[in-house]
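A.B. asks: Dropping the structure in here first, questions after.
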Amino acid sequence: MISELPKGLSIRNSEPSDHHRIIGVLKDWWGGRDLTWMLPKLFLIHFHNTSFIIEKDDELIAFLIGFLSQSNTDEGYIHLAGVHPDYRGIGIGEYLYEQFYKVCKENKRDTIKACTSPVNKRSIEFHKRIGFQIEQGNAEFDGIPATLDYNKPNDPKVLFKKRVV
């Protein structure tokens, strides 16, 4: 894990005006998969103080959209996070998660949840590597537990959980 961002990169909280930039990179960063439906602008309006943007000059390098659960008062949830393909593998994703953990700890949240698609093997491996446990689902894909119809019909997700202290 990196303790600070590489020279030239900066981090800030997201703003509603970042919405267009984020949805503009989703297809490229996810290998052609269209995930724009997963990020309505309301996430950046209502959760900008728990979401982050990493930039180099004016270029979007990474983002994390997270929020504190209203229903489960010990949980924070990472809804969507991504790192520019040219910047993967140097710790930026984990750095973003650490920033979100800090917000959760400040708000007395000790459980972090997240999910990904079973086809996103890179995300599954990332979450496992940084200490997330895969939650039991009601199906399996390539031996990985998943939950069917998670966000909508025909949308299975691998669910993750991590305790932060």
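Ordered as shown in the structure tokens, chains take letters A, B, and onward, while each chain numbers its residues from 1 and ligands are numbered from 1 in the order shown.
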What's around Asp149 in chain A at 12 Å? Count only C-alpha atoms, leave out sequence neighbours fewer than 4 positions away in its own chain, and write the answer as a list in words.
C.D. replies: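 Residues meeting the cut-off are Ser117, Gly137, Asn138, Ala139, Pro153, Asn154, Asp155, Pro156, Lys157 and Val158 of chain A.
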A.B. asks: Determine which residues of chain A receive a DSSP assignment of strand (DSSP E), computed from the backbone, and state them as number ranges by chain.
C.D. replies: A: 9-13, 52-56, 59-68, 75-83, 111-116, 133-134, 139-141, 144-146, 158-163
A.B. asks: Do a neighbour search on Arg109 in chain A at 7 Å with only C-alpha atoms, toss out local chain neighbours closer than 6 positions, and write the hits as an MDAnalysis selection string.
C.D. replies: chainID A and resid 73:76
A.B. asks: So that I have them on file, write out the residues from the current selection with C-alpha atoms, as a compact mmCIF listing (two decimals), in the first residue's frame.
C.D. replies:
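What ended up in out.txt:
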```
# COMPACT_ATOMS: atom_id res chain seq x y z
CA THR A 73 -25.34 2.49 11.16
CA ASP A 74 -22.10 0.53 11.52
CA GLU A 75 -21.53 0.24 7.74
CA GLY A 76 -19.96 2.19 4.92
```
A.B. asks: Which residues come within 8 Å of Ile23 in chain A, counting only C-alpha atoms, excluding same-chain residues fewer than 6 positions away, as a list of chain:residue names?
C.D. replies: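 In the requested format, the answer is A:Leu35, A:Thr36, A:Leu39.
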A.B. asks: What's the separation between CA of Lys152 in chain A and CA of Arg21 in chain A, in Å to one decimal place?
C.D. replies: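 Interatomic distance, CA of Lys152 in chain A to CA of Arg21 in chain A: 24.8 Å.
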A.B. asks: Got a sec: who's within 7 Å of range 42-52 of chain A, counting only C-alpha atoms, leaving out chain neighbours fewer than 6 positions off, as a list in words?
C.D. replies: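 In the requested form, the answer reads Ile11, Arg12, Asn13, Ser14, Glu15, Pro16, His19, Phe63, Leu64, Ile65, Gly66, Phe67, Phe100 and Val103 of chain A.
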A.B. asks: I need the chosen residues saved as a compact mmCIF listing (two decimals), in the first residue's frame, with C-alpha atoms.
C.D. replies:
```txt
# COMPACT_ATOMS: atom_id res chain seq x y z
CA ILE A 11 -7.01 13.80 -4.29
CA ARG A 12 -10.18 15.68 -3.42
CA ASN A 13 -13.79 14.99 -2.61
CA SER A 14 -16.02 14.51 -5.61
CA GLU A 15 -18.44 17.15 -6.82
CA PRO A 16 -21.67 16.84 -8.80
CA HIS A 19 -20.45 13.04 -12.98
CA PHE A 63 -12.46 7.71 -8.34
CA LEU A 64 -14.35 6.11 -5.48
CA ILE A 65 -18.04 6.63 -4.86
CA GLY A 66 -18.94 5.61 -1.33
CA PHE A 67 -21.50 6.42 1.33
CA PHE A 100 -12.86 5.94 2.59
CA VAL A 103 -14.20 8.64 6.76
```
A.B. asks: Going by DSSP on the backbone, which residues of range 8-138 of chain A come out as alpha helix (DSSP H)? List them as a PyMOL selection string.
C.D. replies: chain A and resi 19-29+42-46+92-106+121-129
A.B. asks: Just write the chosen residues, C-alpha atoms, as a JSON list (two decimals), in the first residue's frame.
C.D. replies:
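As written to disk, again13.json reads:
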```json
[["chain", "number", "residue", "atom", "x", "y", "z"],
["A", 19, "HIS", "CA", -20.45, 13.04, -12.98],
["A", 20, "HIS", "CA", -19.94, 13.61, -16.70],
["A", 21, "ARG", "CA", -16.20, 12.92, -16.42],
["A", 22, "ILE", "CA", -16.73, 9.65, -14.55],
["A", 23, "ILE", "CA", -19.44, 8.20, -16.76],
["A", 24, "GLY", "CA", -17.33, 9.28, -19.75],
["A", 25, "VAL", "CA", -14.55, 6.83, -18.80],
["A", 26, "LEU", "CA", -16.56, 3.87, -17.52],
["A", 27, "LYS", "CA", -16.76, 1.95, -20.82],
["A", 28, "ASP", "CA", -13.04, 2.40, -21.55],
["A", 29, "TRP", "CA", -11.91, 1.53, -18.02],
["A", 42, "LEU", "CA", -27.56, 11.74, -7.38],
["A", 43, "PHE", "CA", -24.62, 9.76, -5.95],
["A", 44, "LEU", "CA", -22.36, 12.76, -6.56],
["A", 45, "ILE", "CA", -24.96, 15.18, -5.23],
["A", 46, "HIS", "CA", -25.73, 13.34, -2.00],
["A", 92, "ILE", "CA", -3.95, 4.00, -6.12],
["A", 93, "GLY", "CA", -7.06, 1.84, -5.68],
["A", 94, "GLU", "CA", -6.01, 0.75, -2.22],
["A", 95, "TYR", "CA", -5.12, 4.37, -1.38],
["A", 96, "LEU", "CA", -8.67, 5.43, -2.30],
["A", 97, "TYR", "CA", -10.14, 2.67, -0.15],
["A", 98, "GLU", "CA", -7.96, 3.78, 2.78],
["A", 99, "GLN", "CA", -9.32, 7.33, 2.44],
["A", 100, "PHE", "CA", -12.86, 5.94, 2.59],
["A", 101, "TYR", "CA", -11.98, 3.81, 5.64],
["A", 102, "LYS", "CA", -10.83, 7.00, 7.41],
["A", 103, "VAL", "CA", -14.20, 8.64, 6.76],
["A", 104, "CYS", "CA", -15.95, 5.52, 8.05],
["A", 105, "LYS", "CA", -13.84, 5.42, 11.22],
["A", 106, "GLU", "CA", -14.51, 9.13, 11.86],
["A", 121, "LYS", "CA", -11.93, -11.13, -11.92],
["A", 122, "ARG", "CA", -9.49, -8.23, -11.41],
["A", 123, "SER", "CA", -11.88, -6.60, -8.92],
["A", 124, "ILE", "CA", -12.49, -9.87, -7.09],
["A", 125, "GLU", "CA", -8.75, -10.43, -6.69],
["A", 126, "PHE", "CA", -8.21, -6.80, -5.61],
["A", 127, "HIS", "CA", -10.83, -7.03, -2.87],
["A", 128, "LYS", "CA", -9.48, -10.36, -1.61],
["A", 129, "ARG", "CA", -5.90, -9.02, -1.62]]
```
A.B. asks: Please provide the set of residues having any atom within 8 Å of His84 in chain A, restricted to only C-alpha atoms, with same-chain residues fewer than 5 positions apart removed, written as a ChimeraX atom specification.
C.D. replies: /A:29,60-62
A.B. asks: Taking only C-alpha atoms into account, which of A:Met1, A:Asn151, A:Ala146, A:Ser10 comes nearest Asp58 in chain A?
C.D. replies: A:Ser10
A.B. asks: Between CA of Gly89 in chain A and CA of Val119 in chain A, measure the distance and give it in Å to one decimal.
C.D. replies: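 Calculated distance between CA of Gly89 in chain A and CA of Val119 in chain A is 19.2 Å.
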A.B. asks: Counting only C-alpha atoms, which of A:Asp86, A:Gln70, A:Asp142, A:Gly91 gets nearest to Asn107 in chain A?
C.D. replies: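 For Asn107 in chain A, the nearest of the given residues is A:Gln70.
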